[in-house]
Structure formats: structure tokens, C-alpha cells
Amino acid sequence: MPGKLYGIGVGPGDPELLTLKAVRIIRECGVIFVPGEDYQDSVAYQIARQAVPEMERKTVIGVSVPMTRNKAERAAAHRQAAGQIFPWLDKGYEAGFLNLGDVTIYASYLYIHRLAVAQGYEAELVNGVPSFCAAAARLGTGLVEDAQQLHILPQPQQIREGLSLPGTRVIMKMGKNTGQVKLWLKESGQKIRMVERCGMQGEKVYHSADEIPEDASYYSLLIVGEQGQDDQ
């Protein structure tokens, strides 16, 4: 019988935020796949290894899942990754694929999950703590309450218009557009806070647009707007 594939959310950075279920399934899997050609450089692997040290004795394989907005290149990379994973399932292995944060939110694994299901393999999503939830906790605030709305803005072209939306806005994946985003934030005059590398080594917290560095890490997340009533 073919093995089962698990997409495992490892949370945003703090290994103590791995769920009990994630830890159990990692321990039970015969092979672990991680994003990145060199698995030891994978952030997801480094997080999970701290919570499950015995993973160092497992078969761990790095797969290339490039962060590109080119849909053709992305699809080709996911097909190639699936080509590395599926033979292990055919041999009857239970396989886990580690993914930062939660596997249902802008997750690289989701594309591979769909390919696996389409090929008739059994596959399961194992939730992890989302980065924006962890960042809000780090800031000591709620994201929304009462009837407030929550909006997640993952693309630079969405941000300027998104700043006029009601409620709390979460800005992710600014990348090379940090400078422009800072200008939009200053123009909006809204309360902002940012957590860089939340739960990881080198974590930093910023309390205004002026404080945000132009070379902020890819692992940076902005919370803009209403948030909890403690911030009013």
C-alpha cells in the first residue's frame, strides 16, 4: 500500500509553538522533506529539529520550492518536488513535508498537496501557528475583537489600497518593496508595529514606520490599524 503524505506546519520560529500533533507525526514519519536544496539550511528544518531532536537520525531530503511569482516556473518546481516525494510514498513510506507557519496560509506545500491528491495519494494537512498570530502575541495585543475585520495583504500592489480597509491589516512579504511600503504607511498616519524574525534568533520589534530598516528580513510582518481595544 502507498504511504501517506503529511504537510506539517511548524509555526513561525519558536520551536515551542509546534503542536503536539506535529511533533507526533514528525516522529512517526519515515522520511521528512523540507523546502530548500540543502535541508540543513532550511529554516523549517531548524525549527522542527529543536522540538524533535531525533529528526537528525531520520532520512531528511531538501526539495527546491523557489519563491517566485512566475506561475510557470513555480508549477514546474512543484512538479519536480512531487517527483522526488511520490516514489517514497510508492514504497510505503509515511512522509512529512515541513512548512513554515500554517500549511493553509500562503504555503508552498499546498501546491504539492493538490498534486498528491490528484494522483490518488492519501494526504493530510497538519496545522501550525500562523506568523501573524504569533506576532500579535509577541506585541501583547489582539488582532481583532468585537466586529473588527482582519485583512491579510501579501503582495506589494495590494498594500496601498488595502491601507484604507477597515479593521486590522496584516502586511506580509514586503521584500524589496520595504521603502515604498514605509512611505505609504507614513502617508496613512496609522498606528503600525512590526515584528522581524518572530520567535527566531535576531528577533526585533519596531513601533513606527520610521524605525523599520530598508533591509528588513523576509521574515517580517506588519500589523496596521485598529488591533485590540488596549491600543485605542
# chains A, B, ... in the order shown; residues from 1 in each chain; ligands from 1

call {"tool": "residues_around", "arguments": {"residues": "A:Asp90", "least_positions_apart": "5", "cutoff": "8 Å", "atoms": "only C-alpha atoms", "output": "list in words"}}
result
Met1, Pro2 and Gly3 of chain A

call {"tool": "write_last_selection", "arguments": {"atoms": "all heavy atoms", "output": "compact mmCIF listing (two decimals), in the first residue's frame"}}
result
# COMPACT_ATOMS: atom_id res chain seq x y z
N MET A 1 0.85 -1.20 0.00
CA MET A 1 0.00 0.00 0.00
C MET A 1 0.88 1.25 0.00
O MET A 1 1.90 1.30 0.68
CB MET A 1 -0.89 0.01 1.24
CG MET A 1 -1.96 -1.07 1.24
SD MET A 1 -3.24 -0.75 0.01
CE MET A 1 -4.01 0.70 0.73
N PRO A 2 0.49 2.27 -0.79
CA PRO A 2 1.26 3.51 -0.76
C PRO A 2 1.22 4.16 0.62
O PRO A 2 0.28 3.97 1.39
CB PRO A 2 0.54 4.40 -1.79
CG PRO A 2 -0.23 3.45 -2.64
CD PRO A 2 -0.61 2.32 -1.75
N GLY A 3 2.26 4.92 0.93
CA GLY A 3 2.30 5.63 2.18
C GLY A 3 1.46 6.89 2.13
O GLY A 3 0.87 7.23 1.10

call {"tool": "residues_around", "arguments": {"residues": "A:Leu153", "least_positions_apart": "4", "cutoff": "7 Å", "atoms": "only C-alpha atoms", "output": "VMD selection string"}}
result
chain A and resid 158 to 159 170 to 172

call {"tool": "residues_around", "arguments": {"residues": "stretch 32-38 of chain A", "least_positions_apart": "5", "cutoff": "8 Å", "atoms": "only C-alpha atoms", "output": "ChimeraX atom specification"}}
result
/A:26,44-45,58-65,85,95-99

call {"tool": "atom_distance", "arguments": {"atom1": "atom CA of A:Lys21", "atom2": "atom CA of A:Tyr219"}}
result
24.6 Å

call {"tool": "atom_distance", "arguments": {"atom1": "atom CA of A:Thr178", "atom2": "atom CA of A:Ala216"}}
result
7.3 Å

call {"tool": "select_by_dssp", "arguments": {"residues": "stretch 50-146 of chain A", "states": "strand (DSSP E)", "output": "list in words"}}
result
Thr59, Val60, Ile61, Gly62, Val63, Ala95, Gly96, Phe97, Leu98, Asn99, Glu122, Ala123, Glu124, Leu125 and Val126 of chain A

call {"tool": "write_last_selection", "arguments": {"atoms": "C-alpha atoms", "output": "JSON list (two decimals), in the first residue's frame"}}
result
[["chain", "number", "residue", "atom", "x", "y", "z"],
["A", 59, "THR", "CA", 16.11, 10.49, 6.31],
["A", 60, "VAL", "CA", 15.67, 14.18, 5.50],
["A", 61, "ILE", "CA", 15.57, 15.43, 1.91],
["A", 62, "GLY", "CA", 15.66, 19.01, 0.68],
["A", 63, "VAL", "CA", 13.46, 19.98, -2.26],
["A", 95, "ALA", "CA", 6.31, 11.17, 4.54],
["A", 96, "GLY", "CA", 6.19, 14.60, 6.12],
["A", 97, "PHE", "CA", 6.75, 17.93, 4.38],
["A", 98, "LEU", "CA", 7.69, 20.77, 6.74],
["A", 99, "ASN", "CA", 6.25, 24.21, 6.10],
["A", 122, "GLU", "CA", -3.63, 9.97, 0.81],
["A", 123, "ALA", "CA", -2.54, 13.36, 2.15],
["A", 124, "GLU", "CA", -3.29, 15.33, 5.30],
["A", 125, "LEU", "CA", -2.79, 18.94, 6.39],
["A", 126, "VAL", "CA", -1.40, 19.43, 9.90]]

call {"tool": "residues_around", "arguments": {"residues": "A:Val129", "least_positions_apart": "4", "cutoff": "7 Å", "atoms": "only C-alpha atoms", "output": "VMD selection string"}}
result
chain A and resid 11 to 12 17 101 to 102 133 to 134

call {"tool": "closest_residue", "arguments": {"among": "A:Arg114, A:Phe132, A:Gln119, A:Arg160", "to": "A:Lys182", "atoms": "only C-alpha atoms"}}
result
A:Arg160

call {"tool": "atom_distance", "arguments": {"atom1": "atom CA of A:Val103", "atom2": "atom CA of A:Tyr6"}}
result
10.0 Å

call {"tool": "select_by_dssp", "arguments": {"residues": "stretch 54-208 of chain A", "states": "alpha helix (DSSP H)", "output": "VMD selection string"}}
result
chain A and resid 71 to 90 109 to 118 131 to 139 156 to 162 178 to 188

call {"tool": "residues_around", "arguments": {"residues": "stretch 73-82 of chain A", "least_positions_apart": "6", "cutoff": "9 Å", "atoms": "only C-alpha atoms", "output": "list in words"}}
result
Val63, Ser64, Val65, Pro66, Met67, Ser108, Tyr109, Tyr111, Ile112, His113, Leu115 and Ala116 of chain A

call {"tool": "write_last_selection", "arguments": {"atoms": "N, CA and C atoms", "output": "CSV table (one decimal), in the first residue's frame"}}
result
chain,number,residue,atom,x,y,z
A,63,VAL,N,14.1,19.8,-0.9
A,63,VAL,CA,13.5,20.0,-2.3
A,63,VAL,C,13.4,21.5,-2.6
A,64,SER,N,13.6,21.8,-3.8
A,64,SER,CA,13.6,23.2,-4.3
A,64,SER,C,12.2,23.7,-4.5
A,65,VAL,N,11.8,24.7,-3.7
A,65,VAL,CA,10.5,25.3,-4.0
A,65,VAL,C,10.7,26.8,-4.0
A,66,PRO,N,11.2,27.4,-5.1
A,66,PRO,CA,11.6,28.8,-5.2
A,66,PRO,C,10.5,29.7,-4.9
A,67,MET,N,10.8,30.9,-4.3
A,67,MET,CA,9.8,31.9,-4.0
A,67,MET,C,9.7,32.8,-5.3
A,108,SER,N,3.8,26.9,0.6
A,108,SER,CA,4.4,26.2,-0.6
A,108,SER,C,3.9,24.8,-0.7
A,109,TYR,N,3.7,24.1,0.5
A,109,TYR,CA,3.3,22.7,0.5
A,109,TYR,C,1.9,22.5,-0.2
A,111,TYR,N,0.6,23.4,-2.9
A,111,TYR,CA,0.6,23.0,-4.3
A,111,TYR,C,1.0,21.5,-4.5
A,112,ILE,N,1.9,21.1,-3.7
A,112,ILE,CA,2.3,19.7,-3.7
A,112,ILE,C,1.2,18.8,-3.2
A,113,HIS,N,0.5,19.3,-2.2
A,113,HIS,CA,-0.7,18.6,-1.6
A,113,HIS,C,-1.7,18.3,-2.7
A,115,LEU,N,-1.3,18.2,-5.9
A,115,LEU,CA,-0.7,17.2,-6.9
A,115,LEU,C,-0.8,15.8,-6.3
A,116,ALA,N,-0.6,15.6,-5.0
A,116,ALA,CA,-0.6,14.3,-4.4
A,116,ALA,C,-2.1,13.8,-4.4

call {"tool": "residues_around", "arguments": {"residues": "stretch 190-202 of chain A", "least_positions_apart": "4", "cutoff": "6 Å", "atoms": "only C-alpha atoms", "output": "list in words"}}
result
Gly13, Asp14, Tyr206, His207, Ser208, Tyr219, Ser220, Leu221, Leu222, Ile223, Val224 and Gly225 of chain A

call {"tool": "residues_around", "arguments": {"residues": "A:Leu183", "least_positions_apart": "2", "cutoff": "12 Å", "atoms": "only C-alpha atoms", "output": "PyMOL selection string"}}
result
chain A and resi 159-160+163+177-181+185-190+208-210+212+214

call {"tool": "write_last_selection", "arguments": {"atoms": "C-alpha atoms", "output": "PDB file, in the first residue's frame"}}
result
ATOM      1  CA  ILE A 159      -0.885  47.361   0.235  1.00  0.00           C
ATOM      2  CA  ARG A 160      -1.595  50.980  -0.672  1.00  0.00           C
ATOM      3  CA  LEU A 163      -4.479  50.512   3.989  1.00  0.00           C
ATOM      4  CA  ASN A 177       9.451  46.954  -1.520  1.00  0.00           C
ATOM      5  CA  THR A 178      10.048  47.921   2.115  1.00  0.00           C
ATOM      6  CA  GLY A 179      10.999  51.512   1.266  1.00  0.00           C
ATOM      7  CA  GLN A 180       7.828  52.130  -0.733  1.00  0.00           C
ATOM      8  CA  VAL A 181       5.672  50.451   1.903  1.00  0.00           C
ATOM      9  CA  LEU A 185       2.452  53.826   5.933  1.00  0.00           C
ATOM     10  CA  LYS A 186       3.674  57.332   6.789  1.00  0.00           C
ATOM     11  CA  GLU A 187       1.095  58.848   4.421  1.00  0.00           C
ATOM     12  CA  SER A 188      -1.672  56.842   6.071  1.00  0.00           C
ATOM     13  CA  GLY A 189      -0.815  58.167   9.537  1.00  0.00           C
ATOM     14  CA  GLN A 190      -1.978  54.907  11.094  1.00  0.00           C
ATOM     15  CA  SER A 208       6.744  53.084  13.897  1.00  0.00           C
ATOM     16  CA  ALA A 209       7.355  53.278  10.160  1.00  0.00           C
ATOM     17  CA  ASP A 210      10.456  55.401  10.770  1.00  0.00           C
ATOM     18  CA  ILE A 212      11.688  49.968  10.064  1.00  0.00           C
ATOM     19  CA  GLU A 214      15.114  49.337   4.468  1.00  0.00           C
TER      20      GLU A 214
END
